[in-house]
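Down below is the structure, laid out as structure tokens.
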Amino acid sequence: MKIRKAIVPIAGLGTRLFPASHACKKEFFPVVGPDGIARALVHYQIIDLMDAGIEQICIVVRPGEEQLVINYFQGPGEAYLKRLEKYPELAREAARTQAALQRISFAVQAYQEGYGHAVYQSQAFAKGDPVLLCLGDHLFRGDPSCHSQLMQAYELCGGKSVSAVNRIHADDLKGYGAIAGKRRLANPDLIDVSLIIEKPSVEVARKELRVDGLEADEFLGWFGMHVLSPTIYDVLEEMIAKDIRQNGEFQLTYAQELQRQREGYCALEIKNGKRFDFGAPQDLLKSMTDFAVA
């Protein structure tokens, strides 16, 4: 099935970027692009998704935050737009921003119950279709786009869920889901996954999370985007009904592992692409600089 829908969760509290995230949601922090225009972080996500052919975008928000998104994409009033006539490039940007709003709808996460719980709120939006899920505090660059690469991989995997992964060192395992699996002979970047673990210890990863072609203490961890087949919502619904939690939350990574056990799962190693993480102070500083020249 062609991927036409995407989900961007922004319902998190932004704790690691407090107190700035208390004044302004981190997904609305200004980011200067290579074209010199300052946009909200989430705005780049919307642009990239539309460029990849996505027709409908569901933003998962906390209660009442819908209007924040609407206000941003609607843009300023007529008086302000009149002033932009002196800056044709910015006037065109305002028109494109308003047009993007037509693609956007919302799902609400009323309680902070974990990433899997946030994704589950978009079930009505998905309506039985596969969805492209992107972290709200990440940006991606690739040629072709990382989104397009992953969507193509979904077709090659015959409708199984597929996650983008990249190489991470053992020291970084504490921040990512990671996989074990076997590379396909015809396309070594495409991996049939045999195990998924959220934030494994180094000892567990060394023992259980091996993939051919990696250096010692090198692993494949989440890149920040997934194409999820429709059954992910069945798994999440079951977890929530049975109150199956990890560290007090409904974890998407555990749902992905359950889905793998039932129907198989794929991963795509992203080699022609970069991700920019804006979710923590040290990453934010570096990503702000690197993205502007990406």
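The way I read the labels, and the way they are meant: chains A, B, ... in the order of the structure tokens, residue 1 as the first residue of every chain, and ligand 1 as the first ligand shown, with later ones counted on from there.
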- Item | All strand (DSSP E) positions in range 100-269 of chain A, as a ChimeraX atom specification | /A:104-108,131-134,138-142,162-169,177-183,190-198,218-228,266-269
- Message: If we count only C-alpha atoms and set the cut-off at 9 Å, which residues sit around range 13-19 of chain A, ignoring sequence neighbours fewer than 5 positions away in its own chain? Please answer as a PyMOL selection string.
- Response: chain A and resi 24-27+112+279-281
So that I have them on file, write out the residues from the current selection with N, CA and C atoms, as an mmCIF file, in the first residue's frame.
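The resulting file, result_22.cif, is shown below:
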data_model
loop_
_atom_site.group_PDB
_atom_site.id
_atom_site.type_symbol
_atom_site.label_atom_id
_atom_site.label_comp_id
_atom_site.auth_asym_id
_atom_site.auth_seq_id
_atom_site.Cartn_x
_atom_site.Cartn_y
_atom_site.Cartn_z
ATOM 1 N N CYS A 24 8.034 28.015 25.403
ATOM 2 C CA CYS A 24 7.719 27.725 24.002
ATOM 3 C C CYS A 24 7.966 26.247 23.766
ATOM 4 N N LYS A 25 6.988 25.532 23.247
ATOM 5 C CA LYS A 25 7.182 24.110 22.970
ATOM 6 C C LYS A 25 8.427 23.922 22.108
ATOM 7 N N LYS A 26 9.206 22.878 22.428
ATOM 8 C CA LYS A 26 10.469 22.698 21.710
ATOM 9 C C LYS A 26 10.253 22.519 20.216
ATOM 10 N N GLU A 27 9.124 21.937 19.811
ATOM 11 C CA GLU A 27 8.860 21.742 18.384
ATOM 12 C C GLU A 27 8.608 23.062 17.655
ATOM 13 N N GLN A 112 0.126 11.780 29.886
ATOM 14 C CA GLN A 112 1.472 11.395 29.488
ATOM 15 C C GLN A 112 1.712 9.941 29.902
ATOM 16 N N GLY A 279 16.363 17.439 20.743
ATOM 17 C CA GLY A 279 15.636 17.118 21.959
ATOM 18 C C GLY A 279 16.359 17.333 23.265
ATOM 19 N N ALA A 280 17.657 17.607 23.237
ATOM 20 C CA ALA A 280 18.428 17.811 24.462
ATOM 21 C C ALA A 280 19.394 18.970 24.230
ATOM 22 N N PRO A 281 19.801 19.686 25.279
ATOM 23 C CA PRO A 281 20.614 20.902 25.091
ATOM 24 C C PRO A 281 21.866 20.696 24.249
#
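Of the listed residues (A:Ala267, A:Ile70, A:Ala91, A:Cys157), A:Ala267 comes nearest to Ser194 in chain A; the distances count only C-alpha atoms.
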- Message: Using DSSP assignments from the backbone, pull out every residue in range 23-237 of chain A that falls under helix (DSSP H, G or I) and give it to me as number ranges by chain.
- Response: A: 23, 26-28, 41-51, 66-74, 78-86, 88-103, 115-120, 123-126, 146-156, 170-175, 202-208, 232-237
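Of the residues under consideration (A:Arg141, A:Lys199, A:His169, A:Lys127), A:Arg141 shows the shortest atom-to-atom contact distance to Ala294 in chain A when counting only C-alpha atoms.
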Identify, on the basis of only C-alpha atoms, every residue whose closest approach to Gln261 in chain A does not exceed 10 Å; exclude the query and any residue fewer than 5 positions from it along the same chain; express the result as a tab-separated table (two decimals) with C-alpha atoms, in the first residue's frame.
chain	number	residue	atom	x	y	z
A	193	VAL	CA	14.80	-8.08	12.16
A	194	SER	CA	15.08	-10.91	14.69
A	195	LEU	CA	14.93	-8.88	17.92
A	196	ILE	CA	14.06	-5.34	19.08
A	255	ALA	CA	4.83	-2.93	20.69
A	256	GLN	CA	7.17	-3.14	17.70
- From A:Ile57, A:Leu285, A:Leu258, A:Val202, residue lying nearest Val8 in chain A [only C-alpha atoms]: A:Ile57
- Query: Pick from A:His138, A:Arg183, A:Lys82, A:Lys274: nearest to Val31 in chain A, with only C-alpha atoms counted?
  - Reply: A:His138
- All residues 12 Å or closer to His117 in chain A, only C-alpha atoms, same chain fewer than 5 positions away omitted, as a ChimeraX atom specification: /A:9,11-12,60-61,107-112,122-123,232-233,235-241,243-246,248-255
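Here the question is which of A:Ile7, A:Ala99, A:Val69, A:Ala79 gets nearest to Gln56 in chain A using only C-alpha atoms, and that residue is A:Ile7.
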- Task: Would you kindly return, as a PyMOL selection string, each protein, DNA or RNA residue with an atom no farther than 9 Å from any atom of Leu214 in chain A, considering only C-alpha atoms and excluding same-chain residues fewer than 5 positions away?
- Result: chain A and resi 167+219-220
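Remark: for Gly53 in chain A, the closest of the candidate residues A:Ser145, A:Glu113, A:Glu66, A:Ile179 is A:Ser145 (distances computed over only C-alpha atoms).
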